[in-house]
Every structure is written in structure tokens, then in C-alpha cells.
There are 2 protein chains.
Amino acid sequence: MATLIDGTAIAAAIRDEVRAEAAQLKSRYGIVPGLATILVGDDPASATYVRNKRKACAEVGIQSFGYELPATTAQGELLNLIGELGQRADVHGILVQVPLPDQIDEKTALDAVPLSKDVDGFNPANLGVLGVKGQRPMFAPCTPQGCIELLDRSAIQIASKRAVVLGRSTIVGLPVALMLLSRDATVTLCHSKTVDLPSITRQADILVAAIGKARMVTADMVKPGAVIIDVGTNRIADPTRKSGSRLVGDVDFEAVKEIAGAITPVPGGVGPMTIAMLLRNTLLAARRQAEK
Amino acid sequence: MATLIDGTAIAAAIRDEVRAEAAQLKSRYGIVPGLATILVGDDPASATYVRNKRKACAEVGIQSFGYELPATTAQGELLNLIGELGQRADVHGILVQVPLPDQIDEKTALDAVPLSKDVDGFNPANLGVLGVKGQRPMFAPCTPQGCIELLDRSAIQIASKRAVVLGRSTIVGLPVALMLLSRDATVTLCHSKTVDLPSITRQADILVAAIGKARMVTADMVKPGAVIIDVGTNRIADPTRKSGSRLVGDVDFEAVKEIAGAITPVPGGVGPMTIAMLLRNTLLAARRQAEK
């Protein structure tokens, strides 16, 4: 029976650390870390994400500046706003909530965020150095960094281990593979074109699932004792719930937990870590300004 | 008995293509592709590399501008030169030969080359997008691109194949792994901290060795029928040669060729491809300017 990797508890510990350091930054330098959030349009899910991030900021002493723009916003307007926020000394991080409306090119908008304020860590210039030993990006992307942090704070060795990552998105799969590599794991990256996936996943000491398919990692795909990090959040029908649905990961948790050595639940695993890493990146940005 | 992948012949074919396209660019737009080479100091090996590159340029109708600076050159002077060359319309590519003397920070110097003229493809911003399907860097780095080209021009399928890359340098191992990934291979990246390497290399349909150890890939590490790309160039003692030494790859060629399906020799495999790719990147830079 696997040890449960409790992302909620680990994220709470990190938020406590951020809160203490933010207080110190304020008392020592008079600097309050600031995060600007930009929400374009009225997608309810995006609005919820932004609200949760701002709430999390408030709880740890990070000031948040919310910008809500209409769905009809022209790309130029958004770029102007990002440009202004890039200049402001009280804004240390800028978060552009995706997806953006069709008239705005997502890559152009995200690239407009100055590297020094890209607390989401999505810039491709960040991606490049993630896999390079001894180099560090300005900011590591939040979800992949959250996966690594879960391993570290559970005292799970990464160096020399076989790591298999399922999914190669630029948001999770690819950066987490590069980060595991830079930590000396032997990394295999699998994806939709991979042949005989189970024979590969069964070699993994550390298996990261970020493929977006509900419970596709079954028990026969897991080596006994392996560490399972489940990044998936998939909504499936569940008539026993009042809502009629529930969230599950990319891993068949109930079956896999019987043979894995350690496993993250969904929800309560990687999810809470993403916001915790965003807070820590914002703190880091403010600290860099203080120490300049 | 493996098919020989003849890098010398494939590189010659590519040089012919570059020559024809350079002539067309000249007749149609009056543009002669131009490569500036910068050599700092008097390392004889570096001088030879630069001389070979300039000679290769001349052979295909690329104009080369050679800059030879003394070993005592200050970093600021080098940066000024790079800045000037960055402005010049007749210089489409800038090549800074490494290693540089101690007083010059290599990363600072290489980063000073404008992305649009970085025909070596070493910029970390290029590295990031290599692994992203559907995205392309401004210029792919020459040696990794040469490896892919050898596979393509030998009609070797990459998609869905198991690829294992030995070595994770930012010059070869890491970018070639990312390029194989973007071509839908399932990629495992191995390095000095990898445990039980032979069990992993034996799974490879395509094995790229870029680890810098003479003949370390032995026959027992290779799956029958596998395709072997040997990036290594190691000089070993050979009393039967007049020079007393010879070049060998990272692969034990004589033994491995008996079981591999296809294999590159050393010399005459990946080596000639690197300069061919540099020529093609320079042509590409000039064509981009013509079509602007």
C-alpha cells in the first residue's frame, strides 16, 4: 500500500514559508511582493482560477492587482497593459490567464511579459535552460516545479532513477522531463505516438502522468514500489455525487496505490502545488528587486 | 552487417543544394550569403576549424568574412565587433569560434549574437523550442540537425521509434533528444549518472552516442537491427599510423556494425554534416533577408 504524497499539506507548508519571507521582506526593505493578474473575457473557469490565485496571494501577504478586460479587448490594448505593468515597481509578477480570446495571439501576449516578471515561467527562453545542469531559469514553471517539490519534500531520490514522463506539453510534460534530467534522473518522455507504453512505464522508478486521460495509467503499467506523480485533472460522471461528477487523475488511483511505493491523490496532490509555486515565484521576483 | 550511413556523401549532396540555392539567391535578388567568423587567440585546432568552415563557404558561393583577434582581446572589444557585424546587411550569419580566452565569458559572447544571425543555433532560446512539435527554432544547432538529416536522407523512420541518446550536452545530446522528440520518437536521455546503461541502450531502435568516450558503446549494448549515430570523435593511440594516433567514435564500430541495421562511421559520419548544416543555416539566414 503506497504512501500518500499529501500535496495539500506540502503546499500549506510552502505557503507558510512564503508568508514568513514576505513579512521579512516588508519589514527589512519595505517591499510588498505584488502580482498583477490579467483576465480577458468572462470564461467562468478562468475567473475562478484567477480568484483563487488572488485569494492565495492575500493569505500570504502578497498584494494582487486584478485587471479584468472585456472579451473584445484588442491585442494592442492587452500588450499596452502588459507593457505598463512591466514598468511598475510595485508589480513583481505578471500573470496572463489563458486561454485568451481568438483575436489575441497567445504566444505574442505571453512573450510580452518581461522575463523578470514571468512568474508563470512559461517563456520558451526559460524552457531551454531547464534541462541544463547547473543552469537555472529566471522562474521555473509552476506545475512542473510543484512536481519536483513534492518529490523533494517526500525525501524521494531523483538522481540516477529511471523517470518516465507521460505527455510532452510545454506546460507540464516537457519541462518536468527537463527538470528531472537536470536532477540526474534518466528520463524517458512518452506521448501519443509511443508504442507499447506499458513496457516503458513499468521501468519507471518515478512515473509522472500528464497526459489528460482519466485513469489511463492502470496497475499493470506500474512497477511495484514506484513513485507516482499524477498531474491529470479529468472530470468524470459520478451519479453518487450531488454534482453528478468528480475529478480523477490520469492514474487509476485505487488500483495503482496497492502496488506503488508512493502516490499523489487527485485532488490534493499536484493541484495545490501550482498556486504555491506561483506565490513562491512572486516572492522570488520581489526579493530579487530588493537585493538589486 | 549494417548499412553504412555515408555522412561524407550526404554532406556533399547538401552542399550541392546550398550551392545551387546560393546561386539562385544571387541571380534573383543580388544577395550573396555572408558568414562572419570570429577567432580569438591562436589555438591551432580552432584555427583549423575556422579555416575549414571558410573554405567550405567559398566552395558553395557563401562569402566569408574572417576576423582574427589576439588572445588578449577584452570582452568589450569582442562584444563591439559582434554588435557591428549584427548591423551589417552583408553578414547573414555570425560564428564565434569556441573556446574563448579566459577573460571573455563564453555565454555573454554567444548571447550577443543576434538570434537572426545565430547560424550555429546555440542560443538557449533556440534550445527551448526544439522539443515542441510544430514549433521551429530560428536556426537548429548544426550537429544535432546533422544527425536528424542523416536519418532522414537514409529513409529511416523516426516517429514512434524508441530513441536513446547518450550524453546531455547543450551542444549535442540535449538538442538532438529534443529534435527526436519533436519528430515523435519516444526518447530516453542517458548520461553519466544513468544506472545499468546497457539495459536501456538495448531498447533503442535509434541510438545516438554523444558522450565523448572512445568506443564505449559495445556490441552487447545494441539491439540487433538498430540504427547507430555516432557523434563521438576521440583520438586514440595507434602505432600502425604514421601520426601515431587515429580518430574513433563513441561506438566500437567494428563489433557493432555486425549487429546494427545501419551505422555512421567515424570519421565520415556526423562530422561532415556539421559544416553542411552551418552552410545551410547561413543560406537560410540570407534567404530570410531576401524575402523580408
# chains A, B, ... in the order shown; residues from 1 in each chain; ligands from 1
$ residues_around --residues "segment 237-246 of chain B" --least-positions-apart "2" --cutoff "12 Å" --atoms "only C-alpha atoms" --output "NGL selection string"
:B and (214 or 233-235 or 248-249 or 266-267)
$ interface_residues --of "chain B" --to "chain A" --cutoff "8 Å" --atoms "only C-alpha atoms" --output "PyMOL selection string"
chain B and resi 124-129+131-132+159-161+169-170+174+181+184-191+193-195
$ write_last_selection --atoms "N, CA and C atoms" --output "short mmCIF file (atom, residue, chain, number, x, y, z; two decimals), in the first residue's frame"
data_model
loop_
_atom_site.label_atom_id
_atom_site.label_comp_id
_atom_site.auth_asym_id
_atom_site.auth_seq_id
_atom_site.Cartn_x
_atom_site.Cartn_y
_atom_site.Cartn_z
N PRO B 124 20.15 29.67 -26.15
CA PRO B 124 19.22 28.87 -25.34
C PRO B 124 17.76 29.09 -25.72
N ALA B 125 17.45 30.24 -26.29
CA ALA B 125 16.07 30.48 -26.74
C ALA B 125 15.73 29.53 -27.89
N ASN B 126 16.73 29.13 -28.67
CA ASN B 126 16.53 28.12 -29.70
C ASN B 126 16.28 26.76 -29.08
N LEU B 127 17.08 26.44 -28.06
CA LEU B 127 17.02 25.12 -27.42
C LEU B 127 15.60 24.83 -26.95
N GLY B 128 14.96 25.83 -26.33
CA GLY B 128 13.64 25.62 -25.76
C GLY B 128 12.62 25.07 -26.74
N VAL B 129 12.58 25.64 -27.94
CA VAL B 129 11.52 25.25 -28.87
C VAL B 129 11.83 23.98 -29.64
N GLY B 131 12.07 20.98 -28.74
CA GLY B 131 11.27 19.83 -28.35
C GLY B 131 9.78 20.02 -28.57
N VAL B 132 9.39 21.15 -29.11
CA VAL B 132 7.97 21.47 -29.22
C VAL B 132 7.49 21.17 -30.63
N ALA B 159 9.45 8.64 -36.25
CA ALA B 159 8.20 8.63 -35.50
C ALA B 159 7.92 7.26 -34.90
N SER B 160 7.50 7.25 -33.64
CA SER B 160 7.12 6.04 -32.91
C SER B 160 8.28 5.12 -32.56
N LYS B 161 9.49 5.47 -32.98
CA LYS B 161 10.63 4.62 -32.65
C LYS B 161 11.15 4.95 -31.25
N SER B 169 24.85 17.03 -23.35
CA SER B 169 25.43 18.35 -23.54
C SER B 169 24.43 19.25 -24.25
N THR B 170 24.58 20.56 -24.03
CA THR B 170 23.68 21.50 -24.70
C THR B 170 24.03 21.67 -26.17
N LEU B 174 21.40 17.04 -25.60
CA LEU B 174 20.08 17.58 -25.25
C LEU B 174 19.31 18.05 -26.48
N LEU B 181 12.36 13.99 -30.23
CA LEU B 181 11.04 14.06 -29.59
C LEU B 181 10.05 14.79 -30.48
N ASP B 184 8.43 12.83 -32.99
CA ASP B 184 7.56 11.76 -32.48
C ASP B 184 8.28 10.47 -32.09
N ALA B 185 9.58 10.52 -31.88
CA ALA B 185 10.23 9.37 -31.26
C ALA B 185 9.91 9.36 -29.76
N THR B 186 9.96 8.18 -29.16
CA THR B 186 9.92 8.07 -27.70
C THR B 186 11.38 8.10 -27.25
N VAL B 187 11.74 9.15 -26.53
CA VAL B 187 13.16 9.45 -26.32
C VAL B 187 13.58 9.23 -24.88
N THR B 188 14.70 8.52 -24.69
CA THR B 188 15.31 8.39 -23.37
C THR B 188 16.69 9.04 -23.43
N LEU B 189 16.95 9.91 -22.45
CA LEU B 189 18.22 10.61 -22.41
C LEU B 189 19.05 10.03 -21.27
N CYS B 190 20.22 9.48 -21.61
CA CYS B 190 21.10 8.84 -20.63
C CYS B 190 22.35 9.68 -20.45
N HIS B 191 23.03 9.49 -19.33
CA HIS B 191 24.20 10.31 -19.02
C HIS B 191 25.04 9.60 -17.97
N LYS B 193 25.16 9.59 -14.91
CA LYS B 193 24.52 9.11 -13.69
C LYS B 193 23.51 7.99 -13.97
N THR B 194 23.42 7.56 -15.22
CA THR B 194 22.48 6.51 -15.57
C THR B 194 22.96 5.16 -15.03
N VAL B 195 22.04 4.41 -14.46
CA VAL B 195 22.34 3.10 -13.90
C VAL B 195 21.97 2.02 -14.93
#
$ closest_residue --among "B:Gly232, B:Asn52, B:Asn281, B:Gln24" --to "Asp118 of chain B" --atoms "only C-alpha atoms"
B:Asn281
$ residues_around --residues "segment 220-227 of chain B" --least-positions-apart "2" --cutoff "7 Å" --atoms "only C-alpha atoms" --output "ChimeraX atom specification"
/B:198,201-207,217-218,229,259-263
$ write_last_selection --atoms "C-alpha atoms" --output "short mmCIF file (atom, residue, chain, number, x, y, z; two decimals), in the first residue's frame"
data_model
loop_
_atom_site.label_atom_id
_atom_site.label_comp_id
_atom_site.auth_asym_id
_atom_site.auth_seq_id
_atom_site.Cartn_x
_atom_site.Cartn_y
_atom_site.Cartn_z
CA PRO B 198 23.22 -1.47 -21.47
CA THR B 201 20.55 1.14 -24.91
CA ARG B 202 19.40 -2.35 -25.91
CA GLN B 203 15.86 -0.96 -26.19
CA ALA B 204 16.91 1.63 -28.76
CA ASP B 205 15.74 1.48 -32.35
CA ILE B 206 17.83 4.60 -32.86
CA LEU B 207 20.90 5.09 -30.67
CA VAL B 217 29.19 1.54 -26.90
CA THR B 218 29.96 -2.14 -27.31
CA ILE B 229 24.51 7.56 -34.98
CA ILE B 259 24.65 -6.45 -35.44
CA ALA B 260 23.34 -2.93 -36.14
CA GLY B 261 20.98 -2.27 -39.03
CA ALA B 262 22.72 0.95 -40.05
CA ILE B 263 25.67 2.85 -38.62
#
$ select_by_dssp --residues "segment 145-249 of chain A" --states "helix (DSSP H, G or I)" --output "VMD selection string"
chain A and resid 145 to 153 173 to 182 197 to 201 219 to 221
$ select_by_dssp --residues "segment 37-273 of chain B" --states "strand (DSSP E or B)" --output "ChimeraX atom specification"
/B:37-40,63-69,93-96,162-166,186-190,206-209,217,227-230,234-237,245-248,251,262-263
$ closest_atom_pairs --of "segment 254-280 of chain A" --to "segment 87-105 of chain A" --cutoff "12 Å" --atoms "only C-alpha atoms" --output "CSV"
residue,atom,partner,partner_atom,distance
A:Ile275,CA,A:Leu95,CA,11.7
A:Leu278,CA,A:Gly93,CA,9.1
A:Leu279,CA,A:Gly93,CA,9.5
A:Arg280,CA,A:Gly93,CA,10.6
$ atom_distance --atom1 "atom CA of Ala209 of chain A" --atom2 "atom CA of Gly173 of chain B"
24.4 Å
$ atom_distance --atom1 "atom CA of Gly34 of chain A" --atom2 "atom CA of Thr274 of chain A"
17.6 Å
$ atom_distance --atom1 "atom CA of Ala56 of chain A" --atom2 "atom CA of Arg15 of chain A"
8.6 Å
$ residues_around --residues "Gln75 of chain A" --least-positions-apart "4" --cutoff "12 Å" --atoms "only C-alpha atoms" --output "PyMOL selection string"
chain A and resi 40+69-71+79-82+100-110+112
$ write_last_selection --atoms "N, CA and C atoms" --output "compact mmCIF listing (two decimals), in the first residue's frame"
# COMPACT_ATOMS: atom_id res chain seq x y z
N VAL A 40 -8.89 38.17 -19.42
CA VAL A 40 -9.58 38.75 -20.58
C VAL A 40 -10.80 37.90 -20.91
N LEU A 69 -10.46 42.50 -18.31
CA LEU A 69 -10.70 43.17 -19.59
C LEU A 69 -11.83 42.48 -20.33
N PRO A 70 -12.60 43.23 -21.11
CA PRO A 70 -13.70 42.60 -21.86
C PRO A 70 -13.19 41.62 -22.91
N ALA A 71 -14.05 40.68 -23.29
CA ALA A 71 -13.70 39.64 -24.27
C ALA A 71 -13.32 40.23 -25.62
N LEU A 79 -1.40 44.29 -24.92
CA LEU A 79 0.07 44.47 -24.92
C LEU A 79 0.45 45.77 -24.21
N ASN A 80 -0.36 46.82 -24.41
CA ASN A 80 -0.09 48.08 -23.71
C ASN A 80 -0.15 47.90 -22.19
N LEU A 81 -1.19 47.18 -21.74
CA LEU A 81 -1.34 46.95 -20.31
C LEU A 81 -0.13 46.17 -19.78
N ILE A 82 0.24 45.10 -20.49
CA ILE A 82 1.39 44.30 -20.05
C ILE A 82 2.64 45.17 -20.00
N LEU A 100 -6.86 32.93 -24.04
CA LEU A 100 -7.23 34.30 -24.41
C LEU A 100 -8.21 34.24 -25.58
N PRO A 101 -9.01 35.31 -25.76
CA PRO A 101 -9.96 35.30 -26.89
C PRO A 101 -9.23 35.19 -28.24
N ASP A 102 -9.96 34.78 -29.26
CA ASP A 102 -9.38 34.45 -30.56
C ASP A 102 -8.60 35.59 -31.21
N GLN A 103 -9.02 36.84 -30.97
CA GLN A 103 -8.36 37.94 -31.67
C GLN A 103 -6.96 38.23 -31.09
N ILE A 104 -6.63 37.55 -29.99
CA ILE A 104 -5.32 37.79 -29.37
C ILE A 104 -4.44 36.54 -29.54
N ASP A 105 -3.25 36.74 -30.07
CA ASP A 105 -2.32 35.63 -30.24
C ASP A 105 -1.66 35.35 -28.89
N GLU A 106 -1.90 34.13 -28.39
CA GLU A 106 -1.47 33.78 -27.04
C GLU A 106 0.03 33.91 -26.88
N LYS A 107 0.77 33.43 -27.88
CA LYS A 107 2.23 33.45 -27.78
C LYS A 107 2.74 34.90 -27.72
N THR A 108 2.17 35.76 -28.57
CA THR A 108 2.57 37.17 -28.58
C THR A 108 2.32 37.80 -27.22
N ALA A 109 1.17 37.51 -26.65
CA ALA A 109 0.82 38.11 -25.36
C ALA A 109 1.75 37.60 -24.25
N LEU A 110 1.95 36.28 -24.21
CA LEU A 110 2.79 35.73 -23.13
C LEU A 110 4.24 36.18 -23.29
N ALA A 112 5.18 38.94 -24.30
CA ALA A 112 5.29 40.36 -23.95
C ALA A 112 5.59 40.56 -22.46
$ residues_around --residues "Val60 of chain A" --least-positions-apart "4" --cutoff "9 Å" --atoms "only C-alpha atoms" --output "PyMOL selection string"
chain A and resi 15-20+22-23+56+279
$ write_last_selection --atoms "N, CA, C and O atoms" --output "compact mmCIF listing (two decimals), in the first residue's frame"
# COMPACT_ATOMS: atom_id res chain seq x y z
N ARG A 15 3.33 27.68 1.61
CA ARG A 15 2.65 28.97 1.77
C ARG A 15 3.05 29.62 3.09
O ARG A 15 3.24 30.85 3.14
N ASP A 16 3.22 28.82 4.13
CA ASP A 16 3.70 29.37 5.41
C ASP A 16 5.09 29.98 5.24
O ASP A 16 5.38 31.04 5.79
N GLU A 17 5.94 29.29 4.50
CA GLU A 17 7.29 29.81 4.27
C GLU A 17 7.24 31.13 3.50
O GLU A 17 7.96 32.08 3.82
N VAL A 18 6.38 31.15 2.48
CA VAL A 18 6.26 32.37 1.67
C VAL A 18 5.75 33.52 2.54
O VAL A 18 6.26 34.65 2.47
N ARG A 19 4.77 33.22 3.38
CA ARG A 19 4.20 34.25 4.26
C ARG A 19 5.29 34.84 5.16
O ARG A 19 5.41 36.06 5.29
N ALA A 20 6.09 33.96 5.75
CA ALA A 20 7.15 34.42 6.67
C ALA A 20 8.18 35.27 5.91
O ALA A 20 8.62 36.32 6.40
N ALA A 22 7.73 36.90 3.07
CA ALA A 22 7.12 38.15 2.60
C ALA A 22 7.10 39.17 3.74
O ALA A 22 7.37 40.36 3.52
N ALA A 23 6.80 38.69 4.96
CA ALA A 23 6.77 39.60 6.11
C ALA A 23 8.16 40.18 6.36
O ALA A 23 8.32 41.38 6.66
N ALA A 56 -5.19 33.39 -2.64
CA ALA A 56 -3.96 32.79 -2.09
C ALA A 56 -2.90 33.86 -1.84
O ALA A 56 -2.18 33.81 -0.84
N LEU A 279 3.09 31.60 -5.92
CA LEU A 279 3.34 32.52 -4.80
C LEU A 279 4.84 32.62 -4.55
O LEU A 279 5.40 33.71 -4.36
$ decode --residues "segment 241-262 of chain A" --atoms "N, CA, C and O atoms" --output "mmCIF file, in the first residue's frame"
data_model
loop_
_atom_site.group_PDB
_atom_site.id
_atom_site.type_symbol
_atom_site.label_atom_id
_atom_site.label_comp_id
_atom_site.auth_asym_id
_atom_site.auth_seq_id
_atom_site.Cartn_x
_atom_site.Cartn_y
_atom_site.Cartn_z
ATOM 1 N N ARG A 241 -22.498 11.372 -6.686
ATOM 2 C CA ARG A 241 -22.258 12.726 -6.175
ATOM 3 C C ARG A 241 -23.436 13.629 -6.484
ATOM 4 O O ARG A 241 -24.078 13.476 -7.524
ATOM 5 N N LYS A 242 -23.617 14.603 -5.611
ATOM 6 C CA LYS A 242 -24.697 15.552 -5.825
ATOM 7 C C LYS A 242 -24.475 16.288 -7.146
ATOM 8 O O LYS A 242 -25.379 16.509 -7.928
ATOM 9 N N SER A 243 -23.192 16.642 -7.427
ATOM 10 C CA SER A 243 -22.866 17.385 -8.657
ATOM 11 C C SER A 243 -22.990 16.501 -9.897
ATOM 12 O O SER A 243 -23.011 17.002 -11.017
ATOM 13 N N GLY A 244 -23.039 15.177 -9.696
ATOM 14 C CA GLY A 244 -23.115 14.271 -10.836
ATOM 15 C C GLY A 244 -21.770 13.962 -11.458
ATOM 16 O O GLY A 244 -21.677 13.219 -12.425
ATOM 17 N N SER A 245 -20.677 14.540 -10.910
ATOM 18 C CA SER A 245 -19.355 14.273 -11.477
ATOM 19 C C SER A 245 -18.296 14.413 -10.396
ATOM 20 O O SER A 245 -18.567 14.898 -9.296
ATOM 21 N N ARG A 246 -17.087 13.953 -10.711
ATOM 22 C CA ARG A 246 -15.977 14.165 -9.792
ATOM 23 C C ARG A 246 -14.677 14.232 -10.592
ATOM 24 O O ARG A 246 -14.619 13.840 -11.757
ATOM 25 N N LEU A 247 -13.638 14.719 -9.919
ATOM 26 C CA LEU A 247 -12.323 14.832 -10.549
ATOM 27 C C LEU A 247 -11.531 13.554 -10.320
ATOM 28 O O LEU A 247 -11.500 13.024 -9.210
ATOM 29 N N VAL A 248 -10.883 13.079 -11.387
ATOM 30 C CA VAL A 248 -9.923 11.978 -11.225
ATOM 31 C C VAL A 248 -8.647 12.339 -11.986
ATOM 32 O O VAL A 248 -8.648 13.204 -12.865
ATOM 33 N N GLY A 249 -7.577 11.669 -11.650
ATOM 34 C CA GLY A 249 -6.305 11.928 -12.309
ATOM 35 C C GLY A 249 -6.123 11.094 -13.561
ATOM 36 O O GLY A 249 -7.075 10.468 -14.061
ATOM 37 N N ASP A 250 -4.899 11.092 -14.067
ATOM 38 C CA ASP A 250 -4.545 10.241 -15.211
ATOM 39 C C ASP A 250 -4.229 8.819 -14.751
ATOM 40 O O ASP A 250 -3.972 7.935 -15.572
ATOM 41 N N VAL A 251 -4.225 8.634 -13.435
ATOM 42 C CA VAL A 251 -3.838 7.347 -12.856
ATOM 43 C C VAL A 251 -5.057 6.703 -12.200
ATOM 44 O O VAL A 251 -5.861 7.387 -11.566
ATOM 45 N N ASP A 252 -5.185 5.408 -12.360
ATOM 46 C CA ASP A 252 -6.251 4.651 -11.707
ATOM 47 C C ASP A 252 -5.848 4.467 -10.240
ATOM 48 O O ASP A 252 -5.295 3.434 -9.845
ATOM 49 N N PHE A 253 -6.133 5.506 -9.457
ATOM 50 C CA PHE A 253 -5.591 5.622 -8.104
ATOM 51 C C PHE A 253 -5.857 4.389 -7.246
ATOM 52 O O PHE A 253 -4.938 3.852 -6.606
ATOM 53 N N GLU A 254 -7.103 3.942 -7.220
ATOM 54 C CA GLU A 254 -7.476 2.857 -6.299
ATOM 55 C C GLU A 254 -6.655 1.593 -6.554
ATOM 56 O O GLU A 254 -6.186 0.936 -5.629
ATOM 57 N N ALA A 255 -6.448 1.273 -7.832
ATOM 58 C CA ALA A 255 -5.693 0.066 -8.162
ATOM 59 C C ALA A 255 -4.187 0.288 -8.025
ATOM 60 O O ALA A 255 -3.466 -0.563 -7.481
ATOM 61 N N VAL A 256 -3.718 1.439 -8.482
ATOM 62 C CA VAL A 256 -2.268 1.689 -8.508
ATOM 63 C C VAL A 256 -1.711 1.862 -7.097
ATOM 64 O O VAL A 256 -0.578 1.459 -6.808
ATOM 65 N N LYS A 257 -2.492 2.429 -6.191
ATOM 66 C CA LYS A 257 -1.976 2.652 -4.834
ATOM 67 C C LYS A 257 -1.641 1.333 -4.131
ATOM 68 O O LYS A 257 -0.858 1.310 -3.179
ATOM 69 N N GLU A 258 -2.206 0.238 -4.607
ATOM 70 C CA GLU A 258 -1.916 -1.062 -3.996
ATOM 71 C C GLU A 258 -0.502 -1.558 -4.323
ATOM 72 O O GLU A 258 0.032 -2.401 -3.606
ATOM 73 N N ILE A 259 0.082 -1.070 -5.417
ATOM 74 C CA ILE A 259 1.407 -1.583 -5.771
ATOM 75 C C ILE A 259 2.492 -0.508 -5.792
ATOM 76 O O ILE A 259 3.680 -0.814 -5.693
ATOM 77 N N ALA A 260 2.113 0.771 -5.917
ATOM 78 C CA ALA A 260 3.111 1.846 -5.940
ATOM 79 C C ALA A 260 3.742 2.000 -4.560
ATOM 80 O O ALA A 260 3.191 1.543 -3.552
ATOM 81 N N GLY A 261 4.919 2.649 -4.538
ATOM 82 C CA GLY A 261 5.562 2.942 -3.267
ATOM 83 C C GLY A 261 5.044 4.233 -2.659
ATOM 84 O O GLY A 261 4.935 4.371 -1.438
ATOM 85 N N ALA A 262 4.723 5.186 -3.528
ATOM 86 C CA ALA A 262 4.180 6.475 -3.083
ATOM 87 C C ALA A 262 3.352 7.026 -4.227
ATOM 88 O O ALA A 262 3.651 6.780 -5.404
#
